[in-house]
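Data first, discussion second: the structure below is written as structure tokens.
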Amino acid sequence: MDYPNLLETAFDEFAAAPAAGNNAAAGDSVGAPQLLIWRQIRWSNRRPLIEVEPVVPGGVAEGTHSRASQAAGKSTPNQEGSLAQPGVPSGVRIQIPLTPGAYLGLRIPRDSAGELYRYCAGYTTGTSNDAAPESAGIRRVPCPEGTRIQRGQQCPRCTARDEFTALHSAHLYPGTLTESMRAYAMLEHRLYIATFPDGTHKVGTSSLHSTPRRLDEQAVATATYIALAPDGLAIRRAEDAVTALAKIPQVKQMASKYRAWTNPLPGALLRTAHQEAVARAREALAKLARTDPEVPLTALDEPWIPSLAMNRPYAALRAQSPEPLAPCDSGTEDGAAGFFCTGAAGQFFSAHTGDADAAFLVNTAAWRNVLVEPAQEFTRVRVQGSLF
């Protein structure tokens with residue numbers, strides 16, 4: 001039996017997108033796109049959206065080419081060398097709302113050398129309006145060359161173009177920000193402590209426009225906003241102080257998050273661990289206030305609440321005795337994955353293949369920026385029956 005595939009809707013939306021016509025020259029002669037680049041799960045208004053980018057036909061056997069060169073009939077390979085590719089990234093991002101119970105299936109092709117087709121994610125710039133400073137934001141720009149890459153998230157050119165990276169160290173080197181990114185940095189920012197299902201923590205920041213989205217993206221078990229600052233430079237000084245004094249890191253790797261979700265602590269231990277981390281962070285901020293009173297901070301005590309779209313994965317954490325979602329292979333090795341989606345947490349889907357009680361957790365981060373083909377497939381999962 002064939003099921004309607006969430007990914008197939010991307011092609012209909014692409015055909016209707018005004019920007020699709022800009023790339024028609026690359027694909028009109030050989031038909032409609034059949035392949036997608038899986039970009040990521042984005043969160044908007046507390047809901048998960050599957051972000052993909054159609055690949056238009058017109059690739060070459062050897063060497064990657066810019067979209068502009070393909071459209072003009074040129075064949076000058078870009079800086080990434082002679083990596084084969086089956087098409088040209090369209091530059092059009094399609095966002096597909098996750099419908100609970102919907103089927104999602106895909107194949108993950110590889111080239112003749114056995115490598116995944118991985119593409120540059122593009123770069124980020126700031127946007128600003130002097131008449132409305134509070135509207136400052138960030139804009140994601142597709143890679144102009146549509147570069148195929150072998151590792152990481154960006155090609156060298158887009159890494160150099162990216163304006164957002166400098167924001168992480170702008171409190172130390174403020175002169176590195178562009179004018180529009182400085183406008184974004186001047187927005188109100190919050191500091192949070194997040195605890196993951198394994199009881200580990202991270203400290204992080206969110207801007208006026210990325211609250212609560214930033215925590216929605218993190219796949220945390222619980223989190224608390226502990227401080228407010230009038231700008232992002234001050235909040236990053238506070239973040240550094242919490243890391244230095246409370247020994248709470250600023251990063252948790254995706255693979256570690258996934259392991260945390262498939263092997264969680266009992267709820268009572270999680271709550272205790274989070275409360276202790278928040279207390280340590282508050283002590284660090286109190287010391288910062290004594291040693292550097294010019295950092296303008298306002299104390300907060302606001303919990304982050306999971307959204308309704310997160311109900312299924314978080315139900316496993318709320319149980320008296322945790323019933324973790326089973327781990328599964330991402331499909332990058334087998335070359336295929338498929339399941340019925342029941343919810344999301346960060347970049348993870350809760351899912352099953354027909355038996356809702358045999359639930360598992362899919363790490364879609366393994367597919368980020370990777371070429372996929374919609375297909376009727378099912379993930380092979382070994383669910384531990386004793387847990388369900």
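Ordering of the structure tokens sets the chain letters (A, B, ...), residue numbers begin anew at 1 in every chain, and ligands are numbered from 1 in the order given.
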
Please extract the residues of segment 80-249 of chain A with a backbone DSSP assignment of helix (DSSP H, G or I) and present them as a ChimeraX atom specification. /A:133-135,156-161,165-169,174-176,179-185,213-216,232-246

Output the selection as a PDB file, in the first residue's frame - C-alpha atoms for each residue.
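What ended up in again.pdb:
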ATOM      1  CA  PRO A 133      15.001  49.269  15.305  1.00  0.00           C
ATOM      2  CA  GLU A 134      12.959  46.533  16.988  1.00  0.00           C
ATOM      3  CA  SER A 135      12.360  44.949  13.566  1.00  0.00           C
ATOM      4  CA  PRO A 156      34.381  28.252   2.104  1.00  0.00           C
ATOM      5  CA  ARG A 157      32.743  31.132   0.230  1.00  0.00           C
ATOM      6  CA  CYS A 158      29.580  31.094   2.341  1.00  0.00           C
ATOM      7  CA  THR A 159      31.619  30.738   5.524  1.00  0.00           C
ATOM      8  CA  ALA A 160      33.364  33.985   4.547  1.00  0.00           C
ATOM      9  CA  ARG A 161      30.048  35.666   3.662  1.00  0.00           C
ATOM     10  CA  THR A 165      29.134  33.935  13.237  1.00  0.00           C
ATOM     11  CA  ALA A 166      30.759  37.155  14.494  1.00  0.00           C
ATOM     12  CA  LEU A 167      27.840  37.685  16.899  1.00  0.00           C
ATOM     13  CA  HIS A 168      29.076  34.892  19.188  1.00  0.00           C
ATOM     14  CA  SER A 169      32.219  36.854  20.042  1.00  0.00           C
ATOM     15  CA  PRO A 174      32.415  44.496  18.812  1.00  0.00           C
ATOM     16  CA  GLY A 175      34.068  45.998  15.746  1.00  0.00           C
ATOM     17  CA  THR A 176      33.558  42.740  13.829  1.00  0.00           C
ATOM     18  CA  GLU A 179      25.788  47.494  10.742  1.00  0.00           C
ATOM     19  CA  SER A 180      22.727  45.283  10.307  1.00  0.00           C
ATOM     20  CA  MET A 181      24.053  42.605  12.668  1.00  0.00           C
ATOM     21  CA  ARG A 182      24.823  45.270  15.249  1.00  0.00           C
ATOM     22  CA  ALA A 183      21.182  46.353  15.023  1.00  0.00           C
ATOM     23  CA  TYR A 184      20.185  42.743  15.727  1.00  0.00           C
ATOM     24  CA  ALA A 185      22.645  42.536  18.622  1.00  0.00           C
ATOM     25  CA  ARG A 213      11.795  29.378  19.238  1.00  0.00           C
ATOM     26  CA  ARG A 214      15.437  29.003  20.230  1.00  0.00           C
ATOM     27  CA  LEU A 215      14.557  26.546  22.995  1.00  0.00           C
ATOM     28  CA  ASP A 216      12.017  24.780  20.781  1.00  0.00           C
ATOM     29  CA  GLY A 232      22.947  40.716  23.002  1.00  0.00           C
ATOM     30  CA  LEU A 233      26.419  41.925  23.952  1.00  0.00           C
ATOM     31  CA  ALA A 234      25.552  42.136  27.643  1.00  0.00           C
ATOM     32  CA  ILE A 235      23.766  38.775  27.620  1.00  0.00           C
ATOM     33  CA  ARG A 236      26.805  37.066  26.117  1.00  0.00           C
ATOM     34  CA  ARG A 237      29.006  38.453  28.876  1.00  0.00           C
ATOM     35  CA  ALA A 238      26.553  36.892  31.326  1.00  0.00           C
ATOM     36  CA  GLU A 239      26.633  33.633  29.372  1.00  0.00           C
ATOM     37  CA  ASP A 240      30.423  33.515  29.563  1.00  0.00           C
ATOM     38  CA  ALA A 241      30.278  34.187  33.309  1.00  0.00           C
ATOM     39  CA  VAL A 242      27.901  31.251  33.872  1.00  0.00           C
ATOM     40  CA  THR A 243      30.203  28.978  31.888  1.00  0.00           C
ATOM     41  CA  ALA A 244      33.325  30.141  33.722  1.00  0.00           C
ATOM     42  CA  LEU A 245      31.899  30.261  37.248  1.00  0.00           C
ATOM     43  CA  ALA A 246      29.137  27.622  37.237  1.00  0.00           C
TER      44      ALA A 246
END

Which residues are near Arg118 of chain A? Cut-off 9 Å, only C-alpha atoms, ignore same chain within fewer than 6 positions. Put them as a ChimeraX atom specification. /A:37,147-151,153,367-371

Atom CA of Ala170 of chain A to atom CA of Arg42 of chain A: how many Å, to one decimal? 25.5 Å

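For the residues A:His189, A:Arg271, A:His209, A:Arg110, ranking by smallest atom-to-atom distance to Ile138 of chain A using only C-alpha atoms places A:His209 first.
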
Selected residue, from A:Arg93, A:His201, A:His352, A:Arg290, that lies nearest to Pro18 of chain A when counting only C-alpha atoms: A:Arg93

DSSP strand (DSSP E) selection over segment 141-202 of chain A, as a PyMOL selection string: chain A and resi 141+148-149+189-195+201-202

Could you check the closest approach to Thr353 of chain A for each of A:Val381, A:Ala136, A:Val278, A:Ala260 and tell me which residue wins, using only C-alpha atoms? A:Val381
